[in-house]
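Source file: protein15.txt; contents: compact mmCIF, C-alpha atoms.
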```
# COMPACT_ATOMS: atom_id res chain seq x y z
CA MET D 30 20.32 -4.11 6.63
CA THR D 31 17.34 -4.99 8.83
CA PRO D 32 17.19 -8.43 10.52
CA PHE D 33 14.30 -9.52 8.27
CA ARG D 34 16.22 -8.78 5.06
CA GLN D 35 19.32 -10.50 6.39
CA LEU D 36 17.17 -13.44 7.47
CA ALA D 37 15.80 -13.76 3.92
CA ILE D 38 19.35 -13.89 2.54
CA ASP D 39 20.43 -16.45 5.17
CA ILE D 40 17.42 -18.67 4.40
CA CYS D 41 18.14 -18.62 0.67
CA GLU D 42 21.82 -19.41 1.16
CA ASP D 43 21.07 -22.26 3.58
CA ALA D 44 18.50 -23.72 1.19
CA TRP D 45 20.88 -23.59 -1.76
CA ALA D 46 23.62 -25.17 0.36
CA ASP D 47 21.26 -28.07 1.12
CA GLY D 48 20.50 -28.53 -2.59
CA LEU D 49 16.98 -27.08 -2.50
CA ALA D 50 15.64 -25.25 -5.53
CA PHE D 51 12.78 -22.74 -5.76
CA ASP D 52 10.63 -22.05 -8.79
CA VAL D 53 10.05 -18.35 -8.03
CA ILE D 54 10.86 -16.33 -4.91
CA CYS D 55 8.29 -13.71 -3.96
CA GLY D 56 8.37 -10.83 -1.52
CA ASP D 57 6.84 -7.48 -0.67
CA GLU D 58 8.35 -4.01 -0.86
CA VAL D 59 10.62 -4.61 2.14
CA TYR D 60 12.56 -7.16 0.09
CA GLY D 61 12.01 -5.76 -3.39
CA SER D 62 13.71 -2.50 -2.45
CA ARG D 63 16.97 -4.23 -1.48
CA THR D 64 19.50 -4.25 -4.30
CA GLU D 65 21.78 -6.73 -2.51
CA LEU D 66 18.98 -9.30 -2.23
CA ARG D 67 18.08 -9.00 -5.92
CA GLU D 68 21.74 -9.30 -6.92
CA LEU D 69 22.15 -12.40 -4.75
CA LEU D 70 19.16 -14.06 -6.39
CA GLU D 71 20.38 -13.19 -9.87
CA ASP D 72 23.86 -14.51 -9.12
CA HIS D 73 22.25 -17.87 -8.31
CA ARG D 74 19.96 -17.70 -11.38
CA GLN D 75 16.94 -17.63 -9.12
CA ALA D 76 13.72 -16.25 -10.60
CA TYR D 77 11.87 -13.74 -8.46
CA VAL D 78 8.76 -11.56 -8.40
CA LEU D 79 9.32 -8.82 -5.81
CA ARG D 80 6.91 -6.02 -5.12
CA VAL D 81 8.46 -2.56 -5.32
CA ALA D 82 7.38 0.94 -4.36
CA SER D 83 6.07 3.45 -6.88
CA SER D 84 9.35 5.35 -6.53
CA PHE D 85 11.35 2.37 -7.83
CA MET D 86 13.42 3.42 -10.84
CA LEU D 87 12.93 1.35 -13.99
CA THR D 88 15.26 1.30 -17.00
CA PRO D 89 13.09 0.66 -20.07
CA SER D 90 16.00 1.57 -22.39
CA PRO D 91 19.74 2.09 -21.82
CA ARG D 92 19.38 5.89 -21.69
CA THR D 93 16.00 6.16 -19.95
CA ARG D 94 15.13 5.87 -16.27
CA LEU D 95 11.55 6.26 -15.09
CA THR D 96 9.58 5.68 -11.94
CA CYS D 97 7.02 2.90 -12.13
CA PRO D 98 3.96 5.22 -12.54
CA ASP D 99 5.73 7.21 -15.26
CA ALA D 100 6.68 4.01 -17.06
CA VAL D 101 3.06 2.86 -16.98
CA LYS D 102 1.82 6.19 -18.36
CA GLN D 103 4.31 6.20 -21.24
CA LEU D 104 4.50 2.52 -22.10
CA ALA D 105 1.32 0.83 -20.87
CA GLY D 106 -1.17 3.63 -20.46
CA SER D 107 -3.85 2.09 -22.68
CA LYS D 108 -6.23 -0.34 -20.99
CA ARG D 109 -6.26 -2.35 -24.21
CA ARG D 110 -2.77 -3.57 -23.34
CA SER D 111 -4.06 -5.13 -20.12
CA GLN D 112 -5.33 -8.67 -19.70
CA VAL D 113 -7.93 -9.53 -17.07
CA ARG D 114 -6.72 -12.63 -15.26
CA SER D 115 -7.14 -14.25 -11.88
CA ALA D 116 -4.25 -14.15 -9.43
CA GLY D 117 -5.68 -17.11 -7.52
CA LYS D 118 -8.74 -18.13 -5.58
CA GLY D 119 -9.76 -16.70 -2.23
CA SER D 120 -12.56 -17.41 0.21
CA LYS D 121 -14.90 -15.17 -1.82
CA GLY D 122 -13.85 -16.20 -5.31
CA ASP D 123 -11.09 -15.37 -7.76
CA HIS D 124 -8.84 -12.35 -7.33
CA TRP D 125 -9.43 -10.66 -10.69
CA TYR D 126 -7.05 -7.93 -11.83
CA ALA D 127 -6.14 -6.30 -15.11
CA TRP D 128 -2.48 -7.18 -15.72
CA ALA D 129 0.12 -5.51 -17.87
CA TRP D 130 3.86 -5.92 -18.11
CA ILE D 131 6.67 -3.74 -19.34
CA GLY D 132 10.02 -4.86 -20.65
CA THR D 133 13.30 -3.23 -19.68
CA ALA D 134 16.73 -2.78 -21.21
CA SER D 135 17.52 -6.24 -19.83
CA PRO D 136 15.63 -9.08 -21.59
CA ARG D 137 15.43 -10.95 -18.28
CA HIS D 138 13.80 -8.17 -16.24
CA HIS D 139 10.20 -6.99 -16.44
CA LEU D 140 7.74 -4.89 -14.51
CA LEU D 141 4.41 -6.60 -13.80
CA ILE D 142 1.51 -4.22 -13.06
CA PRO D 143 -1.82 -5.41 -11.60
CA ARG D 144 -4.67 -2.89 -11.69
CA HIS D 145 -7.68 -3.24 -9.40
CA LEU D 146 -10.79 -3.56 -11.53
CA THR D 147 -12.94 -1.36 -9.27
CA THR D 148 -10.62 1.28 -7.83
CA GLY D 149 -8.01 1.34 -10.59
CA GLU D 150 -5.24 1.19 -7.98
CA LEU D 151 -1.90 -0.01 -9.34
CA ALA D 152 0.77 -2.20 -7.79
CA PHE D 153 4.25 -2.92 -9.13
CA HIS D 154 6.23 -6.17 -9.20
CA TYR D 155 9.82 -6.25 -10.42
CA CYS D 156 10.48 -9.62 -12.04
CA TYR D 157 13.58 -11.55 -13.05
CA VAL D 158 13.58 -14.81 -15.01
CA PRO D 159 16.99 -16.30 -15.90
CA GLU D 160 17.80 -17.47 -19.37
CA GLY D 161 16.52 -20.94 -20.18
CA GLN D 162 13.41 -20.68 -17.98
CA PRO D 163 9.89 -19.98 -19.32
CA LEU D 164 9.06 -16.29 -19.37
CA THR D 165 5.28 -16.00 -19.50
CA MET D 166 2.78 -13.63 -17.95
CA ALA D 167 0.83 -16.57 -16.53
CA ARG D 168 3.86 -17.75 -14.55
CA LEU D 169 4.57 -14.30 -13.15
CA ILE D 170 0.92 -13.71 -12.23
CA LYS D 171 0.73 -17.04 -10.43
CA ALA D 172 3.83 -16.13 -8.42
CA ALA D 173 2.52 -12.64 -7.60
CA GLY D 174 -0.78 -14.13 -6.43
CA LEU D 175 0.94 -16.19 -3.74
CA ARG D 176 0.89 -13.15 -1.46
CA TRP D 177 -2.70 -13.95 -0.37
CA PRO D 178 -1.93 -17.37 1.20
CA ALA D 179 1.08 -15.84 2.95
CA GLU D 180 -0.97 -12.93 4.27
CA GLU D 181 -3.69 -15.31 5.49
CA CYS D 182 -1.06 -17.34 7.34
CA PHE D 183 0.18 -14.24 9.17
CA GLU D 184 -3.40 -13.13 9.83
CA PHE D 185 -4.35 -16.42 11.43
CA GLY D 186 -1.14 -16.52 13.42
CA LYS D 187 -1.64 -13.02 14.81
CA ASP D 188 -5.40 -12.77 15.22
CA TYR D 189 -6.27 -16.27 16.42
CA PHE D 190 -3.08 -17.77 17.85
CA GLY D 191 -1.34 -14.77 19.43
CA LEU D 192 1.79 -14.78 17.27
CA ASP D 193 2.42 -11.08 17.97
CA GLN D 194 1.10 -11.14 21.57
CA CYS D 195 4.29 -11.97 23.39
CA GLN D 196 5.77 -9.69 26.05
CA ALA D 197 9.04 -11.58 26.32
CA ARG D 198 12.20 -9.66 25.47
CA LEU D 199 14.82 -12.41 25.48
CA PHE D 200 15.55 -14.21 22.23
CA THR D 201 15.07 -17.71 23.67
CA ALA D 202 11.69 -16.82 25.16
CA ILE D 203 10.51 -15.19 21.92
CA LEU D 204 11.67 -18.23 19.95
CA ARG D 205 9.78 -20.61 22.24
CA HIS D 206 6.60 -18.55 21.92
CA THR D 207 6.91 -18.44 18.12
CA VAL D 208 7.49 -22.19 17.85
CA LEU D 209 4.51 -23.02 20.07
CA VAL D 210 2.22 -20.68 18.12
CA MET D 211 3.31 -22.07 14.75
CA ALA D 212 2.89 -25.65 16.04
CA ALA D 213 -0.68 -24.89 17.15
CA LEU D 214 -1.41 -23.23 13.81
CA ALA D 215 0.01 -26.23 11.94
CA ILE D 216 -2.13 -28.67 13.93
CA CYS D 217 -5.31 -26.74 13.19
CA ALA D 218 -4.37 -26.23 9.53
CA VAL D 219 -3.70 -29.93 8.96
CA THR D 220 -6.94 -30.86 10.74
CA ALA D 221 -8.95 -28.43 8.61
CA ALA D 222 -7.33 -29.71 5.42
CA GLN D 223 -8.10 -33.35 6.27
CA LEU D 224 -11.73 -32.53 7.13
CA LYS D 225 -12.35 -30.27 4.13
CA ASP D 226 -14.00 -32.88 1.88
CA ARG D 227 -16.06 -34.30 4.74
CA THR D 228 -17.41 -30.96 6.00
CA ASP D 229 -17.93 -29.06 2.74
CA THR D 230 -21.57 -28.95 1.62
CA GLN D 231 -21.46 -25.66 -0.28
CA ALA D 232 -23.50 -25.23 -3.41
CA PRO D 233 -21.54 -24.86 -6.66
CA PRO D 234 -20.55 -21.24 -7.31
CA PRO D 235 -22.89 -19.22 -9.54
CA VAL D 236 -22.12 -19.00 -13.25
CA ARG D 237 -24.62 -16.29 -14.23
CA PRO D 238 -25.34 -12.88 -12.69
CA ASP D 239 -29.10 -13.65 -12.62
CA GLN D 240 -28.81 -17.16 -11.17
CA HIS D 241 -31.24 -18.03 -8.33
CA PRO D 242 -29.74 -18.96 -4.95
CA PRO D 243 -29.63 -22.66 -4.05
CA PRO D 244 -32.38 -24.08 -1.82
CA GLY D 245 -31.72 -25.37 1.66
CA PRO D 246 -28.93 -24.62 4.15
CA ARG D 247 -25.35 -25.23 3.07
CA LEU D 248 -22.12 -25.20 5.09
CA ILE D 249 -18.62 -24.08 4.26
CA PRO D 250 -15.85 -26.53 5.20
CA LEU D 251 -14.33 -26.24 8.62
CA THR D 252 -11.73 -23.49 8.63
CA ILE D 253 -8.58 -23.14 10.70
CA ARG D 254 -10.30 -20.63 12.95
CA GLU D 255 -13.27 -22.92 13.59
CA VAL D 256 -11.06 -25.93 14.32
CA LYS D 257 -9.26 -23.81 16.89
CA ARG D 258 -12.58 -22.77 18.45
CA LEU D 259 -13.74 -26.39 18.67
CA LEU D 260 -10.53 -27.44 20.38
CA ALA D 261 -10.72 -24.52 22.79
CA ALA D 262 -14.36 -25.24 23.62
CA ALA D 263 -13.64 -28.93 24.20
CA LEU D 264 -10.63 -28.33 26.42
CA HIS D 265 -11.37 -25.17 28.37
CA ARG D 266 -15.01 -24.09 28.25
CA PRO D 267 -17.69 -26.16 29.98
CA ALA D 268 -20.91 -25.53 28.05
CA PRO D 269 -24.31 -27.19 27.45
CA ASP D 270 -24.33 -30.26 25.25
CA ARG D 271 -23.85 -29.45 21.52
CA HIS D 272 -23.69 -25.71 22.30
CA ALA D 273 -20.40 -25.19 20.43
CA GLU D 274 -21.56 -27.34 17.50
CA HIS D 275 -24.82 -25.38 17.18
CA TRP D 276 -23.11 -22.00 16.93
CA LEU D 277 -20.39 -23.38 14.71
CA ASN D 278 -22.91 -24.68 12.17
CA TRP D 279 -24.87 -21.43 12.36
CA GLY D 280 -21.76 -19.45 11.45
CA ARG D 281 -20.74 -21.84 8.66
CA ARG D 282 -24.25 -21.72 7.18
CA HIS D 283 -24.25 -17.92 7.26
CA GLN D 284 -20.80 -17.80 5.63
CA ALA D 285 -21.82 -20.23 2.89
CA ARG D 286 -24.88 -18.10 2.05
CA ALA D 287 -22.91 -14.84 2.16
CA ARG D 288 -20.12 -16.33 0.02
CA TRP D 289 -22.56 -17.48 -2.68
CA PHE D 290 -24.27 -14.08 -2.92
CA HIS D 291 -20.90 -12.31 -2.91
CA GLN D 292 -19.72 -14.45 -5.83
CA ARG D 293 -22.91 -13.70 -7.74
CA ALA D 294 -22.54 -9.97 -7.06
CA ARG D 295 -18.98 -10.07 -8.40
CA LEU D 296 -20.22 -11.84 -11.52
CA ASN D 297 -22.82 -9.12 -12.01
CA ARG D 298 -20.21 -6.37 -11.54
CA GLU D 299 -17.40 -7.90 -13.62
CA TYR D 300 -19.25 -10.10 -16.04
CA SER D 301 -18.36 -7.97 -19.06
CA LEU D 302 -14.68 -8.13 -18.12
CA VAL D 303 -14.17 -11.81 -17.38
CA SER D 304 -16.70 -13.52 -19.65
```
Any chance you could give the structure as structure tokens?
Amino acid sequence: MTPFRQLAIDICEDAWADGLAFDVICGDEVYGSRTELRELLEDHRQAYVLRVASSFMLTPSPRTRLTCPDAVKQLAGSKRRSQVRSAGKGSKGDHWYAWAWIGTASPRHHLLIPRHLTTGELAFHYCYVPEGQPLTMARLIKAAGLRWPAEECFEFGKDYFGLDQCQARLFTAILRHTVLVMAALAICAVTAAQLKDRTDTQAPPPVRPDQHPPPGPRLIPLTIREVKRLLAAALHRPAPDRHAEHWLNWGRRHQARARWFHQRARLNREYSLVS
């Protein structure tokens, strides 16, 4: 077992030992492919939504085993069985997908299938909900949509804080680097969250594909990346007065305009599906 999979098991066991409870545990294919992790979660009656590869074998009936794509073709091939729902909001609007789910021989296990509205690409999530807990598509979709905040966290940590830019080889040195990076990321994230209402002047999102753009410049709220740039400019880069603020507002204004037009374009493209 790889260190990351063992780490996931250790974290779950430590959390349960401390009396913590999770609503739903999510993970990508690295964790969804591990039988021992799924069995551990089921032994503790822990609901999960784990992404699995297309080669994952599903048991729709006691005497039938199919790969995920074959199961979709035989049991959920019609688009009429799909429901267009949002998996959560992103910086450019809702993440709309067509969702379907397939039952298995076990009443507690299901396969959740999101289909990209433009490309038609499929993904597969193997789900377990213990008896006595609500089993609804909305709950599973909400859990599956949590991958975007997690991916954004890793993206910010790597691209803007150097989480993966450490040349140390000793465990203690790597741990120190990781802790310092995550502390810096946490400081910027908390600052951006506290300033969100004070720095957000965006126009309301469009509601019609033919809606006219709002007049006047608008600004998106300060993001984690921009908070980091402000701190770096204030501490390390001598520059003309208000230089950093000028370019920061220029970028936020451009992003607000681009975000509004992107949302309107998505409405125009998907209006018949989500209206």
### Task
Do a neighbour search on region 269-286 of chain D at 6 Å with all atoms listed in the file, toss out local chain neighbours closer than 2 positions, and write the hits as a VMD selection string.
chain D and resid 247 to 249 288 to 289
Excluding same-chain residues fewer than 5 positions from Ala82 (chain D), what lies within 8 Å of it counting only C-alpha atoms, as a PDB file with C-alpha atoms, in the frame of the given file?
```
ATOM      1  CA  GLU D  58       8.350  -4.010  -0.860  1.00  0.00           C
ATOM      2  CA  SER D  62      13.710  -2.500  -2.450  1.00  0.00           C
ATOM      3  CA  PHE D 153       4.250  -2.920  -9.130  1.00  0.00           C
TER       4      PHE D 153
END
```
### Query
Using all atoms listed in the file, which residue out of D:Leu49, D:Val78, D:Ile216, D:Gly174 lies closest to Asp123 (chain D)?
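Counting all atoms listed in the file, the residue closest to Asp123 (chain D) is D:Gly174.
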#### Entry: Atom-to-atom span, CA of Gly191 (chain D) and CA of Ile54 (chain D), Å
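Separation between CA of Gly191 (chain D) and CA of Ile54 (chain D): 27.3 Å.
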### Task
Point out the residue among D:Cys156, D:Leu175, D:Leu169, D:Val256 with the least atom-to-atom distance to Leu214 (chain D), counting only C-alpha atoms.
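Under the stated criterion, the closest residue is D:Val256.
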### Query
How many Å separate CA of Arg80 (chain D) from CA of Gly56 (chain D)?
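About the pair CA of Arg80 (chain D) and CA of Gly56 (chain D): they are 6.2 Å apart.
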### Task
Can you work out the spacing between CA of Leu192 (chain D) and CA of Ala262 (chain D) in Å, to one decimal?
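Between CA of Leu192 (chain D) and CA of Ala262 (chain D) the gap is 20.3 Å.
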### Task
Measuring atom to atom with only C-alpha atoms, identify which of D:Phe290, D:Gly132, D:Gln75, D:Leu199 is nearest to Pro243 (chain D).
D:Phe290
### Top pick for closest residue to Phe185 (chain D), considering D:Asp39, D:Asp47, D:Glu255, D:Asp239 and counting all atoms listed in the file
D:Glu255
As lines of an AutoDock Vina configuration file, please: the centre and edge lengths in Å, to one decimal, of an axis-aligned box enclosing every listed atom of region 142-161 of chain D with 3 Å added on each side.
```
center_x = 2.4
center_y = -9.8
center_z = -14.0
size_x = 36.7
size_y = 28.3
size_z = 18.4
```
Incomplete region 243-258 of chain D brought to N, CA and C atoms, written out as an mmCIF file, in the coordinates of the input:
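Final file, result_33.cif:
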```cif
data_model
loop_
_atom_site.group_PDB
_atom_site.id
_atom_site.type_symbol
_atom_site.label_atom_id
_atom_site.label_comp_id
_atom_site.auth_asym_id
_atom_site.auth_seq_id
_atom_site.Cartn_x
_atom_site.Cartn_y
_atom_site.Cartn_z
ATOM 1 N N PRO D 243 -29.295 -21.247 -4.250
ATOM 2 C CA PRO D 243 -29.630 -22.660 -4.050
ATOM 3 C C PRO D 243 -30.602 -22.838 -2.887
ATOM 4 N N PRO D 244 -31.455 -23.838 -2.934
ATOM 5 C CA PRO D 244 -32.380 -24.080 -1.820
ATOM 6 C C PRO D 244 -31.682 -24.811 -0.679
ATOM 7 N N GLY D 245 -32.214 -24.623 0.512
ATOM 8 C CA GLY D 245 -31.720 -25.370 1.660
ATOM 9 C C GLY D 245 -30.433 -24.815 2.228
ATOM 10 N N PRO D 246 -30.152 -25.109 3.517
ATOM 11 C CA PRO D 246 -28.930 -24.620 4.150
ATOM 12 C C PRO D 246 -27.701 -25.364 3.651
ATOM 13 N N ARG D 247 -26.635 -24.658 3.474
ATOM 14 C CA ARG D 247 -25.350 -25.230 3.070
ATOM 15 C C ARG D 247 -24.280 -24.763 4.066
ATOM 16 N N LEU D 248 -23.189 -25.510 4.143
ATOM 17 C CA LEU D 248 -22.120 -25.200 5.090
ATOM 18 C C LEU D 248 -20.793 -25.111 4.365
ATOM 19 N N ILE D 249 -19.992 -24.125 4.752
ATOM 20 C CA ILE D 249 -18.620 -24.080 4.260
ATOM 21 C C ILE D 249 -17.814 -25.143 5.000
ATOM 22 N N PRO D 250 -16.677 -25.569 4.462
ATOM 23 C CA PRO D 250 -15.850 -26.530 5.200
ATOM 24 C C PRO D 250 -15.290 -25.906 6.465
ATOM 25 N N LEU D 251 -14.926 -26.734 7.403
ATOM 26 C CA LEU D 251 -14.330 -26.240 8.620
ATOM 27 C C LEU D 251 -13.046 -25.473 8.294
ATOM 28 N N THR D 252 -12.912 -24.304 8.858
ATOM 29 C CA THR D 252 -11.730 -23.490 8.630
ATOM 30 C C THR D 252 -10.766 -23.642 9.805
ATOM 31 N N ILE D 253 -9.578 -23.083 9.636
ATOM 32 C CA ILE D 253 -8.580 -23.140 10.700
ATOM 33 C C ILE D 253 -9.112 -22.472 11.963
ATOM 34 N N ARG D 254 -9.764 -21.345 11.795
ATOM 35 C CA ARG D 254 -10.300 -20.630 12.950
ATOM 36 C C ARG D 254 -11.340 -21.453 13.685
ATOM 37 N N GLU D 255 -12.202 -22.156 12.941
ATOM 38 C CA GLU D 255 -13.270 -22.920 13.590
ATOM 39 C C GLU D 255 -12.731 -24.187 14.246
ATOM 40 N N VAL D 256 -11.704 -24.790 13.663
ATOM 41 C CA VAL D 256 -11.060 -25.930 14.320
ATOM 42 C C VAL D 256 -10.466 -25.487 15.649
ATOM 43 N N LYS D 257 -9.839 -24.326 15.647
ATOM 44 C CA LYS D 257 -9.260 -23.810 16.890
ATOM 45 C C LYS D 257 -10.345 -23.564 17.934
ATOM 46 N N ARG D 258 -11.489 -23.015 17.505
ATOM 47 C CA ARG D 258 -12.580 -22.770 18.450
ATOM 48 C C ARG D 258 -13.132 -24.074 19.012
#
```
